[in-house]
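What follows is the content of work20.txt, which has compact mmCIF, C-alpha atoms and all ligand atoms:
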# COMPACT_ATOMS: atom_id res chain seq x y z
CA MET A 1 88.39 151.75 103.59
CA VAL A 2 85.30 149.91 104.72
CA GLN A 3 84.55 148.98 101.12
CA LEU A 4 88.03 147.48 100.71
CA TYR A 5 87.90 145.68 104.02
CA VAL A 6 84.68 143.84 103.31
CA PRO A 7 85.71 142.17 100.05
CA LEU A 8 89.13 141.23 101.47
CA ASN A 9 87.53 139.77 104.50
CA PHE A 10 85.06 137.93 102.31
CA MET A 11 87.86 136.64 100.12
CA GLY A 12 89.67 135.43 103.23
CA PHE A 13 86.51 133.55 104.16
CA VAL A 14 86.23 132.02 100.69
CA TYR A 15 89.91 131.08 100.73
CA ARG A 16 89.55 129.37 104.11
CA GLU A 17 86.46 127.50 102.98
CA ILE A 18 88.24 126.31 99.83
CA LYS A 19 91.25 125.24 101.85
CA LEU A 20 89.06 123.29 104.24
CA ALA A 21 87.18 121.69 101.37
CA VAL A 22 90.52 120.67 99.88
CA ALA A 23 91.61 119.24 103.24
CA ASP A 24 88.38 117.20 103.33
CA LEU A 25 88.93 116.01 99.79
CA GLU A 26 92.50 115.02 100.54
CA ALA A 27 91.30 113.14 103.58
CA MET A 28 88.73 111.37 101.48
CA PHE A 29 91.21 110.39 98.80
CA THR A 30 93.66 109.14 101.39
CA LEU A 31 90.97 107.05 102.98
CA LEU A 32 89.73 105.75 99.70
CA GLU A 33 93.22 105.62 98.17
CA LYS A 34 92.85 103.18 95.38
CA ASP A 35 94.34 102.39 92.04
CA PRO A 36 91.66 103.09 89.41
CA GLU A 37 92.92 100.02 87.53
CA ILE A 38 91.80 97.74 90.33
CA GLU A 39 88.35 96.61 89.41
CA ASP A 40 86.08 93.79 90.44
CA ARG A 41 86.25 90.80 88.12
CA PRO A 42 83.04 90.12 86.23
CA GLY A 43 80.99 87.87 88.48
CA ALA A 44 83.16 88.60 91.54
CA LYS A 45 81.54 87.16 94.67
CA PRO A 46 81.57 88.62 98.16
CA LEU A 47 84.38 87.34 100.37
CA VAL A 48 83.19 84.73 102.84
CA VAL A 49 85.24 84.81 106.02
CA SER A 50 85.00 81.59 108.01
CA GLY A 51 88.04 81.48 110.28
CA GLY A 52 90.01 84.36 108.77
CA THR A 53 93.26 82.71 107.63
CA ILE A 54 95.42 85.00 105.48
CA ARG A 55 98.00 83.49 103.15
CA PHE A 56 100.63 85.21 101.02
CA GLU A 57 101.87 82.64 98.48
CA ASN A 58 105.09 83.48 96.58
CA VAL A 59 104.05 87.11 96.28
CA SER A 60 106.16 89.46 94.21
CA PHE A 61 105.38 93.08 93.61
CA HIS A 62 106.83 96.30 92.20
CA TYR A 63 105.49 99.85 91.91
CA ASP A 64 107.98 100.56 89.09
CA PRO A 65 109.07 97.68 86.83
CA ASP A 66 112.74 98.50 87.32
CA ARG A 67 112.54 98.22 91.10
CA GLN A 68 111.26 95.01 92.66
CA ILE A 69 109.81 95.67 96.13
CA LEU A 70 108.60 92.23 97.26
CA LYS A 71 110.34 89.04 96.19
CA ASP A 72 108.72 85.64 96.64
CA VAL A 73 107.07 86.42 99.97
CA SER A 74 105.18 83.52 101.56
CA PHE A 75 103.61 83.37 105.00
CA GLU A 76 100.41 82.38 106.72
CA ALA A 77 98.52 84.25 109.40
CA PRO A 78 96.30 81.51 110.88
CA ALA A 79 92.79 82.43 112.01
CA GLY A 80 92.84 84.54 115.17
CA LYS A 81 96.65 84.73 115.40
CA THR A 82 98.91 87.78 115.46
CA ILE A 83 101.76 88.02 112.99
CA ALA A 84 104.24 90.86 113.37
CA ILE A 85 106.24 92.29 110.49
CA VAL A 86 109.46 94.12 111.26
CA GLY A 87 112.45 95.34 109.30
CA GLN A 88 114.37 98.41 108.29
CA THR A 89 112.58 101.36 106.76
CA GLY A 90 111.80 100.73 103.10
CA ALA A 91 111.93 96.94 103.49
CA GLY A 92 108.38 96.58 102.11
CA LYS A 93 106.32 96.17 105.30
CA SER A 94 103.55 98.67 104.52
CA THR A 95 103.42 97.38 100.95
CA LEU A 96 102.22 94.03 102.34
CA SER A 97 99.28 95.76 104.01
CA ARG A 98 98.44 97.77 100.86
CA LEU A 99 98.34 94.52 98.88
CA LEU A 100 96.09 92.82 101.43
CA PHE A 101 93.71 95.79 101.18
CA ARG A 102 94.02 95.45 97.39
CA PHE A 103 95.13 99.00 96.73
CA TYR A 104 97.34 97.22 94.19
CA ASP A 105 97.38 93.74 92.68
CA VAL A 106 100.35 91.41 93.05
CA GLN A 107 102.40 90.70 89.92
CA GLY A 108 103.38 87.20 91.02
CA GLY A 109 101.86 84.66 93.39
CA ARG A 110 98.59 85.26 95.21
CA ILE A 111 97.00 86.39 98.44
CA THR A 112 94.13 84.37 99.85
CA ILE A 113 91.69 84.77 102.73
CA ASP A 114 90.16 81.48 103.82
CA GLY A 115 91.26 80.04 100.47
CA GLN A 116 89.71 82.75 98.27
CA ASP A 117 92.08 84.72 96.04
CA ILE A 118 91.41 88.36 96.94
CA ARG A 119 91.31 89.20 93.19
CA ASP A 120 88.23 86.99 92.84
CA VAL A 121 86.11 88.71 95.49
CA THR A 122 84.41 92.11 95.48
CA GLN A 123 86.56 94.93 96.79
CA GLY A 124 83.68 96.15 98.94
CA SER A 125 83.43 92.83 100.78
CA LEU A 126 87.23 92.65 101.16
CA ARG A 127 87.44 96.13 102.68
CA ASP A 128 84.51 95.42 104.97
CA ALA A 129 86.39 92.42 106.31
CA VAL A 130 89.70 94.18 106.91
CA GLY A 131 90.15 96.86 109.56
CA MET A 132 93.13 99.14 109.17
CA VAL A 133 94.68 101.22 111.94
CA PRO A 134 97.09 103.35 109.92
CA GLN A 135 100.23 105.14 111.11
CA ASP A 136 98.66 108.51 110.66
CA THR A 137 94.90 108.77 110.82
CA VAL A 138 93.13 111.39 108.78
CA LEU A 139 90.44 113.18 110.78
CA PHE A 140 87.42 114.80 109.24
CA ASN A 141 86.62 118.42 110.06
CA ASP A 142 83.76 117.41 112.29
CA THR A 143 83.06 116.32 115.85
CA ILE A 144 85.07 113.64 117.56
CA ARG A 145 81.85 111.59 117.79
CA TYR A 146 81.47 111.76 113.99
CA ASN A 147 85.10 110.75 113.55
CA ILE A 148 84.67 107.63 115.66
CA ARG A 149 81.27 106.78 114.17
CA TYR A 150 82.97 106.71 110.76
CA GLY A 151 83.81 103.08 111.71
CA ARG A 152 80.11 102.17 111.51
CA TRP A 153 77.52 104.78 110.64
CA ASP A 154 74.60 103.08 112.34
CA ALA A 155 76.39 102.81 115.71
CA THR A 156 74.47 104.34 118.61
CA ASP A 157 75.97 107.04 120.83
CA ALA A 158 76.43 104.44 123.56
CA GLU A 159 78.34 102.17 121.15
CA VAL A 160 80.56 105.07 120.04
CA GLU A 161 81.39 105.83 123.66
CA GLU A 162 82.02 102.18 124.52
CA ALA A 163 84.43 101.91 121.57
CA ALA A 164 86.21 105.04 122.79
CA ARG A 165 86.46 103.54 126.26
CA LEU A 166 88.00 100.32 124.92
CA ALA A 167 90.40 102.41 122.83
CA GLN A 168 91.48 104.30 125.99
CA ILE A 169 90.37 107.68 124.71
CA ASP A 170 87.02 108.13 126.45
CA ASP A 171 88.51 109.91 129.52
CA PHE A 172 90.41 112.32 127.28
CA ILE A 173 87.23 113.14 125.32
CA ARG A 174 85.11 113.64 128.43
CA ASP A 175 87.64 116.14 129.78
CA LEU A 176 87.24 118.34 126.68
CA PRO A 177 84.89 121.30 127.20
CA ALA A 178 82.47 120.10 124.52
CA GLY A 179 83.14 116.38 125.13
CA TYR A 180 82.13 114.18 122.21
CA GLU A 181 80.80 117.22 120.34
CA THR A 182 84.26 118.83 120.19
CA GLN A 183 85.25 119.82 116.67
CA VAL A 184 88.52 118.20 115.59
CA GLY A 185 90.65 118.27 112.45
CA GLU A 186 91.99 121.34 110.66
CA ARG A 187 89.03 123.44 111.73
CA GLY A 188 89.06 122.46 115.38
CA LEU A 189 91.15 120.81 118.03
CA LYS A 190 94.36 119.29 116.72
CA LEU A 191 94.92 115.87 118.20
CA SER A 192 98.38 114.41 118.86
CA GLY A 193 99.61 111.37 116.94
CA GLY A 194 98.80 109.08 119.88
CA GLU A 195 95.29 110.53 120.25
CA LYS A 196 94.59 110.18 116.54
CA GLN A 197 95.75 106.59 116.62
CA ARG A 198 93.33 105.88 119.47
CA VAL A 199 90.50 107.45 117.43
CA ALA A 200 91.46 105.02 114.65
CA ILE A 201 91.39 102.13 117.11
CA ALA A 202 87.94 103.19 118.34
CA ARG A 203 86.70 103.34 114.72
CA THR A 204 88.04 99.84 114.13
CA ILE A 205 86.44 98.50 117.31
CA LEU A 206 83.10 99.83 116.04
CA LYS A 207 83.65 98.31 112.62
CA GLY A 208 84.46 94.95 114.23
CA PRO A 209 86.24 93.36 111.24
CA PRO A 210 87.51 89.75 111.40
CA LEU A 211 90.90 90.79 109.98
CA LEU A 212 93.10 93.59 111.22
CA ILE A 213 96.14 95.48 110.02
CA LEU A 214 97.86 97.65 112.59
CA ASP A 215 100.50 99.97 111.22
CA GLU A 216 102.31 101.22 114.27
CA ALA A 217 103.23 104.90 114.33
CA THR A 218 106.93 105.54 113.82
CA SER A 219 106.88 108.71 115.90
CA ALA A 220 108.10 108.32 119.45
CA LEU A 221 105.27 108.39 121.97
CA ASP A 222 105.71 108.95 125.68
CA SER A 223 105.68 105.68 127.57
CA ALA A 224 102.24 106.22 129.21
CA THR A 225 100.65 106.87 125.80
CA GLU A 226 102.50 103.93 124.30
CA LYS A 227 101.19 101.68 127.07
CA ASP A 228 97.60 102.95 126.53
CA ILE A 229 97.86 102.29 122.80
CA GLN A 230 99.34 98.85 123.31
CA ASP A 231 96.52 97.94 125.71
CA ALA A 232 93.93 99.23 123.24
CA LEU A 233 95.52 97.31 120.36
CA ALA A 234 95.75 94.14 122.43
CA ARG A 235 92.01 94.40 123.13
CA VAL A 236 91.00 95.04 119.55
CA SER A 237 93.09 92.15 118.20
CA VAL A 238 91.66 89.44 120.48
CA GLY A 239 90.05 86.76 118.30
CA ARG A 240 90.93 88.54 115.03
CA THR A 241 93.65 87.59 112.60
CA THR A 242 96.08 90.47 112.98
CA LEU A 243 99.06 91.73 111.03
CA VAL A 244 101.09 94.22 113.05
CA ILE A 245 103.63 96.33 111.24
CA ALA A 246 105.85 97.16 114.15
CA HIS A 247 108.55 99.72 114.66
CA ARG A 248 108.98 99.23 118.38
CA LEU A 249 109.91 95.62 118.96
CA SER A 250 108.74 95.77 122.57
CA THR A 251 105.15 95.81 121.29
CA ILE A 252 105.37 92.45 119.51
CA VAL A 253 107.24 90.22 121.93
CA ALA A 254 104.08 88.14 122.37
CA ALA A 255 103.24 87.81 118.63
CA ASP A 256 102.59 84.25 117.44
CA GLU A 257 105.16 84.73 114.70
CA ILE A 258 107.50 87.56 113.74
CA LEU A 259 108.56 88.04 110.11
CA VAL A 260 111.76 89.98 109.59
CA MET A 261 111.74 91.69 106.19
CA ASP A 262 114.96 92.64 104.49
CA ALA A 263 115.06 94.18 101.02
CA GLY A 264 111.68 92.73 100.02
CA ARG A 265 112.27 89.20 101.32
CA ILE A 266 111.45 87.45 104.54
CA ALA A 267 114.92 87.05 105.97
CA GLU A 268 113.99 85.45 109.29
CA ARG A 269 110.84 84.21 111.00
CA GLY A 270 109.92 82.79 114.37
CA THR A 271 108.86 83.74 117.86
CA HIS A 272 110.67 86.48 119.75
CA GLU A 273 112.57 83.92 121.85
CA ALA A 274 113.57 81.81 118.85
CA LEU A 275 114.77 84.86 116.91
CA ILE A 276 116.81 86.16 119.84
CA ALA A 277 118.39 82.71 120.20
CA ALA A 278 119.17 82.64 116.47
CA ASN A 279 121.27 85.78 116.99
CA GLY A 280 120.65 87.15 113.50
CA LEU A 281 119.03 90.30 112.09
CA TYR A 282 116.21 90.42 114.65
CA ALA A 283 118.57 89.96 117.58
CA GLY A 284 120.61 92.87 116.20
CA LEU A 285 117.53 95.10 115.84
CA TRP A 286 116.46 94.17 119.37
CA ALA A 287 119.87 94.99 120.87
CA ARG A 288 119.98 98.35 119.05
CA GLN A 289 116.51 99.28 120.26
CA ARG A 290 117.32 98.32 123.82
CA ARG A 291 120.39 100.56 123.74
CA ALA A 292 118.38 103.44 122.24
CA ASP A 293 115.68 103.01 124.92
CA GLU A 294 118.31 103.04 127.67
CA VAL A 295 119.80 106.26 126.31
CA ARG A 296 116.31 107.83 126.09
CA GLU A 297 115.48 106.83 129.65
CA GLU A 298 118.82 108.16 130.90
CA LEU A 299 118.21 111.47 129.10
CA ALA A 300 114.70 111.71 130.58
CA ARG A 301 116.18 111.12 134.06
CA VAL A 302 118.80 113.84 133.58
CA VAL A 303 116.13 116.30 132.34
CA ASP A 304 113.88 115.40 135.31
CA GLU A 305 116.70 116.01 137.79
CA ASP A 306 117.41 119.49 136.38
P1 LIG B 401 108.69 102.16 106.71
O1 LIG B 401 109.18 101.32 107.87
O2 LIG B 401 109.54 103.36 106.49
O3 LIG B 401 107.22 102.48 106.78
P2 LIG B 401 108.26 99.99 104.82
O4 LIG B 401 109.08 98.80 105.11
O5 LIG B 401 106.85 99.96 105.27
O6 LIG B 401 108.97 101.29 105.37
P3 LIG B 401 107.17 100.40 102.18
O7 LIG B 401 106.33 101.58 102.50
O8 LIG B 401 106.49 99.10 101.99
O9 LIG B 401 108.33 100.24 103.24
O10 LIG B 401 108.00 100.77 100.88
C1 LIG B 401 108.90 99.85 100.27
C2 LIG B 401 109.59 100.54 99.13
O11 LIG B 401 108.62 100.87 98.13
C3 LIG B 401 110.26 101.85 99.51
O12 LIG B 401 111.53 101.89 98.90
C4 LIG B 401 109.37 102.91 98.95
O13 LIG B 401 110.13 104.01 98.54
C5 LIG B 401 108.72 102.23 97.76
N1 LIG B 401 107.35 102.75 97.56
C6 LIG B 401 106.37 102.81 98.46
N2 LIG B 401 105.22 103.30 97.92
C7 LIG B 401 105.51 103.57 96.63
C8 LIG B 401 104.75 104.09 95.53
N3 LIG B 401 103.46 104.43 95.66
N4 LIG B 401 105.39 104.25 94.34
C9 LIG B 401 106.68 103.89 94.19
N5 LIG B 401 107.45 103.39 95.18
C10 LIG B 401 106.88 103.23 96.39
Using structure tokens, write down the structure that the file contains.
Amino acid sequence: MVQLYVPLNFMGFVYREIKLAVADLEAMFTLLEKDPEIEDRPGAKPLVVSGGTIRFENVSFHYDPDRQILKDVSFEAPAGKTIAIVGQTGAGKSTLSRLLFRFYDVQGGRITIDGQDIRDVTQGSLRDAVGMVPQDTVLFNDTIRYNIRYGRWDATDAEVEEAARLAQIDDFIRDLPAGYETQVGERGLKLSGGEKQRVAIARTILKGPPLLILDEATSALDSATEKDIQDALARVSVGRTTLVIAHRLSTIVAADEILVMDAGRIAERGTHEALIAANGLYAGLWARQRRADEVREELARVVDED
């Protein structure tokens, strides 16, 4: 009996270790997700960011040749400004951010940063310049301090904690029994979507890139968490050229320009006020979200009263 128990127990241990290793590998591949075909051009130079103006010029793109995803997309995100991208699911919003990060190359047109075609610069310098706060952040099976420091390995403990404070997650971490040394990820404490997103924001604050892509989580967050995340995002985007892929329109009312994507094209563009006045697609999305919010608030009130 004892003899049988030991090997089974050992095998369980091995199985768990393998599973955890696989989880780490998956995390790594997601973070480094990259088309092996994308290579630096011979003689590629590092990107030089002066102001940080991003331009998409007549960009077209498909994953599969028989299904065009982006069609003749042109816009400019001037240095330091915030451009929001909205539209129905599948419209091609996240694809824009993948192209800016050069996970794929465009098939038509070009993307430039301060006038340099991103295909002409080294991928390392491009990715150093762009900070990405993804919808769903992959955490390493390590401490929360390690997970934040991933933004910049040489950051001091004080810098890690300051980034966490700016990302509105420092109080949460300090309340944990092991504080910053708490193990997170598969092996440790599971963080909620909102907490993970704040870890990603803290990482990005540490990295301090001149260009930012914020891919807002689709999952509904409670309003206090949503407010915390909005405040954290507002802080991190000050002075950086920012593309926000937004699902909740309330978060982008103040954006310098809003692009409304529809079936791979920019169907409308303008400020929130101008788009509401135009009474088109955006105004429709806005009205629908307002109604949905009202229903949610009413439901929350009814549940509270019970
Ligand atoms: P959501 O709001 O749901 O995040 P989105 O507007 O960001 O949607 P994208 O993720 O850009 O949409 O996807 C645009 C289209 O491209 C979708 O129809 C999607 O199915 C397709 N697509 C995305 N990634 C791939 C891929 N790797 N291979 C093939 N098709 C893909």
Discussion item. Which residues are near A:Arg174? Cut-off 12 Å, only C-alpha atoms, ignore same chain within fewer than 5 positions. Put them as a list in words.
Written reply: Ile144, Arg145, Glu161, Ala164, Arg165, Gln168, Ile169, Gly179, Tyr180, Glu181 and Thr182 of chain A
Hey, which bits of chain A sit within 8 Å of ligand LIG 401 (chain B), and for each residue what's the closest pair of atoms and how far apart in Å (one decimal), counting all atoms listed in the file, rows by chain and increasing number, as a tab-separated table?
residue	atom	partner	partner_atom	distance
A:His62	CA	B:LIG401	O11	7.7
A:Tyr63	CA	B:LIG401	C9	4.8
A:Asp64	CA	B:LIG401	C9	6.2
A:Ile69	CA	B:LIG401	O11	5.7
A:Val86	CA	B:LIG401	O4	7.7
A:Gly87	CA	B:LIG401	O4	6.4
A:Gln88	CA	B:LIG401	O1	6.0
A:Thr89	CA	B:LIG401	O1	3.6
A:Gly90	CA	B:LIG401	O9	3.5
A:Ala91	CA	B:LIG401	O4	3.8
A:Gly92	CA	B:LIG401	O8	3.2
A:Lys93	CA	B:LIG401	O4	3.8
A:Ser94	CA	B:LIG401	O5	3.6
A:Thr95	CA	B:LIG401	O8	3.7
A:Leu96	CA	B:LIG401	O8	6.6
A:Thr218	CA	B:LIG401	O1	7.6
A:Ile245	CA	B:LIG401	O5	7.7
A:His247	CA	B:LIG401	O1	7.0
A:Met261	CA	B:LIG401	O4	7.7
A:Gly264	CA	B:LIG401	C1	7.6
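Minimum atom-to-atom distance to A:Gln289, evaluated using all atoms listed in the file, belongs to A:Thr251 out of A:Pro65, A:Leu99, A:Thr251, A:Asp72.
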Discussion item. Would you pick out the contacts of A:Gly208 at 8 Å or less, using all atoms listed in the file, so that residues sharing its chain but fewer than 3 positions from it are not included, and give the list as number ranges by chain?
Written reply: A: 131, 204-205
Would you mind listing, for every residue of stretch 184-286 of chain A within 10 Å of stretch 43-56 of chain A, the two atoms forming the shortest contact and the distance between them in Å to one decimal, using all atoms listed in the file, sorted by chain and ascending residue number, as a Markdown table?
| residue | atom | partner | partner_atom | distance |
| --- | --- | --- | --- | --- |
| A:Pro210 | CA | A:Gly52 | CA | 6.5 |
| A:Leu211 | CA | A:Gly52 | CA | 6.6 |
| A:Gly239 | CA | A:Gly51 | CA | 9.8 |
| A:Arg240 | CA | A:Gly52 | CA | 7.6 |
| A:Thr241 | CA | A:Gly52 | CA | 6.2 |
| A:Thr242 | CA | A:Ile54 | CA | 9.3 |
| A:Leu243 | CA | A:Ile54 | CA | 9.5 |
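Atom CA of A:Arg288 is found 28.6 Å from atom CA of A:Met132.
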Fill in: Proximity to A:Val253 - best of A:Leu191, A:Ile213, A:Leu275, A:Leu166, all atoms listed in the file
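Among the listed residues, A:Leu275 lies closest to A:Val253.
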Discussion item. Using Å and a single decimal, report how far atom CA of A:Ile258 sits from atom CA of A:His272.
Written reply: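 Value for the atom CA of A:His272-atom CA of A:Ile258 distance: 6.9 Å.
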Practice prompt. Check the smallest atom-to-atom distance from each of A:Asp170, A:Asp256, A:Asp293, A:Glu195 to A:Ile83 using all atoms listed in the file, then report the winner.
Written response: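 With all atoms listed in the file as the atom set, the closest residue is A:Asp256.
Atom CA of A:Ala263 is found 23.8 Å from atom CA of A:Asp136.
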Take stretch 244-258 of chain A, model N, CA and C atoms, and hand the result over as a PDB file, in the coordinates of the input.
ATOM      1  N   VAL A 244     100.584  93.001 112.412  1.00  0.00           N
ATOM      2  CA  VAL A 244     101.090  94.220 113.050  1.00  0.00           C
ATOM      3  C   VAL A 244     102.380  94.619 112.362  1.00  0.00           C
ATOM      4  N   ILE A 245     102.389  95.806 111.790  1.00  0.00           N
ATOM      5  CA  ILE A 245     103.630  96.330 111.240  1.00  0.00           C
ATOM      6  C   ILE A 245     104.266  97.138 112.356  1.00  0.00           C
ATOM      7  N   ALA A 246     105.347  96.603 112.890  1.00  0.00           N
ATOM      8  CA  ALA A 246     105.850  97.160 114.150  1.00  0.00           C
ATOM      9  C   ALA A 246     107.165  97.898 113.957  1.00  0.00           C
ATOM     10  N   HIS A 247     107.279  99.014 114.632  1.00  0.00           N
ATOM     11  CA  HIS A 247     108.550  99.720 114.660  1.00  0.00           C
ATOM     12  C   HIS A 247     109.225  99.580 116.009  1.00  0.00           C
ATOM     13  N   ARG A 248     108.402  99.451 117.047  1.00  0.00           N
ATOM     14  CA  ARG A 248     108.980  99.230 118.380  1.00  0.00           C
ATOM     15  C   ARG A 248     108.830  97.752 118.705  1.00  0.00           C
ATOM     16  N   LEU A 249     109.952  97.074 118.809  1.00  0.00           N
ATOM     17  CA  LEU A 249     109.910  95.620 118.960  1.00  0.00           C
ATOM     18  C   LEU A 249     109.275  95.212 120.286  1.00  0.00           C
ATOM     19  N   SER A 250     109.321  96.111 121.262  1.00  0.00           N
ATOM     20  CA  SER A 250     108.740  95.770 122.570  1.00  0.00           C
ATOM     21  C   SER A 250     107.254  95.465 122.450  1.00  0.00           C
ATOM     22  N   THR A 251     106.600  95.998 121.412  1.00  0.00           N
ATOM     23  CA  THR A 251     105.150  95.810 121.290  1.00  0.00           C
ATOM     24  C   THR A 251     104.777  94.426 120.738  1.00  0.00           C
ATOM     25  N   ILE A 252     105.744  93.694 120.210  1.00  0.00           N
ATOM     26  CA  ILE A 252     105.370  92.450 119.510  1.00  0.00           C
ATOM     27  C   ILE A 252     106.027  91.207 120.092  1.00  0.00           C
ATOM     28  N   VAL A 253     106.575  91.355 121.290  1.00  0.00           N
ATOM     29  CA  VAL A 253     107.240  90.220 121.930  1.00  0.00           C
ATOM     30  C   VAL A 253     106.316  88.996 121.993  1.00  0.00           C
ATOM     31  N   ALA A 254     105.011  89.252 122.187  1.00  0.00           N
ATOM     32  CA  ALA A 254     104.080  88.140 122.370  1.00  0.00           C
ATOM     33  C   ALA A 254     103.439  87.657 121.056  1.00  0.00           C
ATOM     34  N   ALA A 255     103.849  88.205 119.920  1.00  0.00           N
ATOM     35  CA  ALA A 255     103.240  87.810 118.630  1.00  0.00           C
ATOM     36  C   ALA A 255     103.433  86.309 118.397  1.00  0.00           C
ATOM     37  N   ASP A 256     102.479  85.690 117.709  1.00  0.00           N
ATOM     38  CA  ASP A 256     102.590  84.250 117.440  1.00  0.00           C
ATOM     39  C   ASP A 256     103.757  83.956 116.507  1.00  0.00           C
ATOM     40  N   GLU A 257     103.975  84.875 115.557  1.00  0.00           N
ATOM     41  CA  GLU A 257     105.160  84.730 114.700  1.00  0.00           C
ATOM     42  C   GLU A 257     105.627  86.119 114.282  1.00  0.00           C
ATOM     43  N   ILE A 258     106.935  86.286 114.184  1.00  0.00           N
ATOM     44  CA  ILE A 258     107.500  87.560 113.740  1.00  0.00           C
ATOM     45  C   ILE A 258     108.210  87.303 112.411  1.00  0.00           C
TER      46      ILE A 258
END
